[in-house]
Every structure is written in C-alpha cells, then in structure tokens.
Amino acid sequence: MAKTKTGRPHRPRMERTSPSAAPFSPLGMDQAMAGLHKLLAGQAFASIDEANAFLQQTLQAHGGRLPEFKPETPLEMAEELVSQAYEQTDPILVLRLARQALTLSADCADAYGLLAKYERDPWAQLALFEQAEAAGQRVLGKAFFTEQVGHFWGIVQTRPYMRARAGVAQWAWMLGDRNRAIAIYTDMLVLNPNDNQGVRYLLASALLEDRTAWGQGALERLLKAFEQEHTTALIYSRALLLFQVKDKSMARANRVLREALRANPHVPALLLGEQAMPEQTSPFVGSGDLSEAAEYVSTAYDAWRQTSGALFWLREQRSSRRPRARSLYRQRGVP
C-alpha cells in the first residue's frame, strides 16, 4: 500500500469532480441567505404570515428570485471574488481571483481555503487552513463564540470559520496530529450540535482509530447523541465499536453489522478491496448507494484495517449468515 510523506498509509480516496471541472462552490447558499438577511433588515413584521407575504411579493417582482445586493464592505467584495473563482475551470484564474480577494480583505477565510485546495504540499495546505481559521475568528470576534455557541452554521457569517476549522482538522489528522483533529471535531459539535457539515462521521472514524478506552467512551457518547440516525457511516461505526469492545457473545455486534449490511451492501466490497473505489463522484450522495459507501470507506478504511480481525469478521458476516457460521465465530473469539 502506498504511503504518505508522514509514513502513514493512504486511505482510499476519490475526486469530487474531474480536474477540468469548476470546484464545487460552498458559497451559493451562503450568499442567498446573506441577501435574505439584508432584505429583511429593518423590516417590522407583525406575524410570520406578514413576513411570508412580503417575501412572496418580492419574489414575484423579481421574476421568482431574490434581488441581488451589491457588495458593500471589503470583505463582501472579497467573498464575491471567491464566489466568481468557484465558477472558473482554469486553475490559474481561480488562484488569481483568490489572491485578489485577499488583497481586498485579509479576513476572507474562504479565499485561504480555496488556495489550499490547489496547494500540493500538505503542510502548506494545513497552514492555509490555519490562516483561514484565524481570519474567521477575527471576523466573528471573541464574544461571539460565547454568545452564539450552539447556533453556529445557522448564522451565515460563521460558515467560513467552520469550513476552515474542518480543513485544519482534516489536514492535522492526515499529518499525524490525531489529538488536535479529534479536539477540533469535538469542539465543532459543541458550536453546532446539528452538525450540518457531517463532522460526526469523521469524528466517529477518528475515535475508532484511536482505540483507547477514552476514545471508545467518547464514541459511545457521540453515537448516543445521534442514536436516531441510521446513515451508513454511523451504523457501520456502531458495529465496529461493538467489535472492538468485544462483548462476550458478539451477538450484538453481529446484529448491528447485519443491520449495516442491509443499510448499505456496497461497503464490504470496497473495504475488502474486491471493488475499486470510484475515481470520481458527484458532490451529493444517496442513502444506501455506492457513492455513500465510498464516502464512508474513504474515511473509515484505516479504522477497519487497524482493528485486528475486523475485516475477517466483515467478510464472514457478509458471505454467510448461517447460524453455524455465527456460532463458530462467537466461540473462536477472533481478536
């Protein structure tokens, strides 16, 4: 298996879009919501119905779209350039626009993040995301983190900071700083318990790789917080955690793994190397399909590979659900 410069094996990875395509923009919805906030600023509505009527009238007057607002501050002008950069397919033009954005405002976190996407040196990528994180902190201010904890992402101006934090965590993890990555993911869930970014999936895989009593306890709490969720990532994470803990009969672990296999049967072939990872995927994933399986395996592969006996267990449970096979495995107690 190929290894990174840090000596750690490469996880199976996939490209989100082809190299010739424009990078997927995270800013479109942000700008729409910011425009909506500007539209409603200073309005005094007596009821929700009155506010909805105002919005409907505005949409009708502008052909079904919200009116566009011109950027007013240097930061808004910089963000507009970054938005334009995401529409480009020429990397040279993308980088030029991102750098121009930073000349307008050094607080444009998404400009640093866009530069990081085109940076090849992993340490430089981490440094750019750290600059993005610092920029986001400056924009929000210290008091904001105390006053708005629990509401991040729902407030549009927090999103560049949250994207930057996710970038720092991902590259810290890739470069071997596991504790830092886990701490960041954990803190992001405090800031945004609804977890619109899907940080919980990355944290679950990270804690499974941790394989300490502390990590297992933290993962149990995480899974408890999202116990009503039955996505591929969390069901397979529950199964692997139960396998790592190894209750006496393995009955619960087997039951949860069978549930995971029903939820997404594509995962085993990717984890076991029987099927190649998709080279490219859509920015969107479908529940139970190959794209969701690939998304999960790209982050959880190491956790399964590093857990002794886990891939054998997965293969056995998938290939044969005969009572004899399950009983035999429970007696063997493969470590």
# chains A, B, ... in the order shown; residues from 1 in each chain; ligands from 1
>>> residues_around(residues="Arg165 of chain A", least_positions_apart="6", cutoff="8 Å", atoms="only C-alpha atoms", output="VMD selection string")
chain A and resid 129 to 130 133 184 188
>>> write_last_selection(atoms="C-alpha atoms", output="PDB file, in the first residue's frame")
ATOM      1  CA  PHE A 129      -6.467  26.467   6.579  1.00  0.00           C
ATOM      2  CA  GLU A 130      -4.955  27.798   9.812  1.00  0.00           C
ATOM      3  CA  GLU A 133      -9.412  29.798  10.750  1.00  0.00           C
ATOM      4  CA  ILE A 184     -11.406  20.273  16.790  1.00  0.00           C
ATOM      5  CA  MET A 188     -17.245  21.907  16.269  1.00  0.00           C
TER       6      MET A 188
END
>>> atom_distance(atom1="atom CA of Leu81 of chain A", atom2="atom CA of Ala127 of chain A")
21.6 Å
>>> closest_residue(among="A:Arg96, A:Arg138, A:Lys70, A:Arg238", to="Gln216 of chain A", atoms="only C-alpha atoms")
A:Arg238
>>> residues_around(residues="Ala111 of chain A", least_positions_apart="2", cutoff="12 Å", atoms="only C-alpha atoms", output="JSON, numbers by chain")
{"A": [25, 26, 27, 75, 76, 77, 78, 79, 80, 81, 82, 83, 84, 85, 86, 94, 95, 96, 97, 98, 99, 100, 101, 102, 103, 104, 105, 106, 107, 108, 109, 113, 114, 115, 116, 117, 118, 128, 129, 131, 132, 133, 135, 136, 160, 161, 163, 164]}
>>> select_by_dssp(residues="segment 97-294 of chain A", states="alpha helix (DSSP H)", output="number ranges by chain")
A: 97-104, 109-117, 122-140, 142-147, 159-174, 178-191, 199-210, 213-225, 232-245, 251-263, 267-271, 290-294
>>> atom_distance(atom1="atom CA of Leu207 of chain A", atom2="atom CA of Pro122 of chain A")
22.4 Å
>>> atom_distance(atom1="atom CA of Ala206 of chain A", atom2="atom CA of Val297 of chain A")
12.6 Å
>>> closest_residue(among="A:Leu191, A:His266, A:Pro91, A:Gly141", to="Glu119 of chain A", atoms="only C-alpha atoms")
A:Pro91
>>> residues_around(residues="segment 220-233 of chain A", least_positions_apart="4", cutoff="8 Å", atoms="only C-alpha atoms", output="number ranges by chain")
A: 200-201, 204, 216, 237-238, 260, 263-264, 287-288, 292-293, 296
>>> residues_around(residues="Gln170 of chain A", least_positions_apart="3", cutoff="10 Å", atoms="only C-alpha atoms", output="number ranges by chain")
A: 126, 129, 164-167, 173-175, 177-178, 180-182, 184-185, 202
>>> residues_around(residues="Arg211 of chain A", least_positions_apart="3", cutoff="9 Å", atoms="only C-alpha atoms", output="list in words")
Leu207, Leu208, Trp214, Gly215, Gln216, Leu241, Gln244, Ala303 and Thr307 of chain A
>>> residues_around(residues="Leu257 of chain A", least_positions_apart="2", cutoff="9 Å", atoms="only C-alpha atoms", output="list in words")
Ile235, Tyr236, Arg238, Ala239, Leu240, Arg252, Ala253, Asn254, Arg255, Glu259, Ala260, Leu261, Arg262, Leu314, Gln317 and Arg318 of chain A
>>> write_last_selection(atoms="N, CA and C atoms", output="short mmCIF file (atom, residue, chain, number, x, y, z; two decimals), in the first residue's frame")
data_model
loop_
_atom_site.label_atom_id
_atom_site.label_comp_id
_atom_site.auth_asym_id
_atom_site.auth_seq_id
_atom_site.Cartn_x
_atom_site.Cartn_y
_atom_site.Cartn_z
N ILE A 235 -24.03 3.55 11.30
CA ILE A 235 -24.36 2.14 11.57
C ILE A 235 -23.09 1.29 11.53
N TYR A 236 -22.25 1.49 10.53
CA TYR A 236 -21.00 0.72 10.46
C TYR A 236 -20.07 1.11 11.62
N ARG A 238 -21.07 1.97 14.63
CA ARG A 238 -21.61 1.26 15.80
C ARG A 238 -21.16 -0.19 15.80
N ALA A 239 -21.22 -0.82 14.63
CA ALA A 239 -20.83 -2.21 14.53
C ALA A 239 -19.36 -2.40 14.86
N LEU A 240 -18.49 -1.56 14.31
CA LEU A 240 -17.06 -1.72 14.55
C LEU A 240 -16.72 -1.42 16.01
N ARG A 252 -24.55 -8.88 19.82
CA ARG A 252 -25.00 -7.53 19.48
C ARG A 252 -24.19 -6.97 18.32
N ALA A 253 -22.87 -7.21 18.33
CA ALA A 253 -22.03 -6.72 17.24
C ALA A 253 -22.48 -7.34 15.91
N ASN A 254 -22.75 -8.65 15.93
CA ASN A 254 -23.21 -9.31 14.71
C ASN A 254 -24.54 -8.74 14.24
N ARG A 255 -25.44 -8.48 15.17
CA ARG A 255 -26.76 -7.96 14.81
C ARG A 255 -26.65 -6.57 14.18
N GLU A 259 -27.40 -5.25 10.30
CA GLU A 259 -28.20 -4.06 10.03
C GLU A 259 -27.45 -3.13 9.08
N ALA A 260 -26.15 -2.98 9.31
CA ALA A 260 -25.33 -2.13 8.44
C ALA A 260 -25.27 -2.68 7.03
N LEU A 261 -25.14 -4.00 6.91
CA LEU A 261 -25.09 -4.63 5.59
C LEU A 261 -26.40 -4.42 4.82
N ARG A 262 -27.50 -4.42 5.53
CA ARG A 262 -28.78 -4.15 4.87
C ARG A 262 -28.88 -2.67 4.47
N LEU A 314 -16.09 -9.01 8.97
CA LEU A 314 -16.95 -8.41 7.96
C LEU A 314 -17.18 -9.38 6.80
N GLN A 317 -19.48 -12.33 8.00
CA GLN A 317 -20.87 -11.96 8.20
C GLN A 317 -21.58 -11.66 6.88
N ARG A 318 -20.85 -11.12 5.94
CA ARG A 318 -21.47 -10.83 4.64
C ARG A 318 -21.71 -12.08 3.83
#
>>> closest_residue(among="A:His151, A:Arg159, A:Arg258, A:Lys246", to="Pro193 of chain A", atoms="only C-alpha atoms")
A:His151
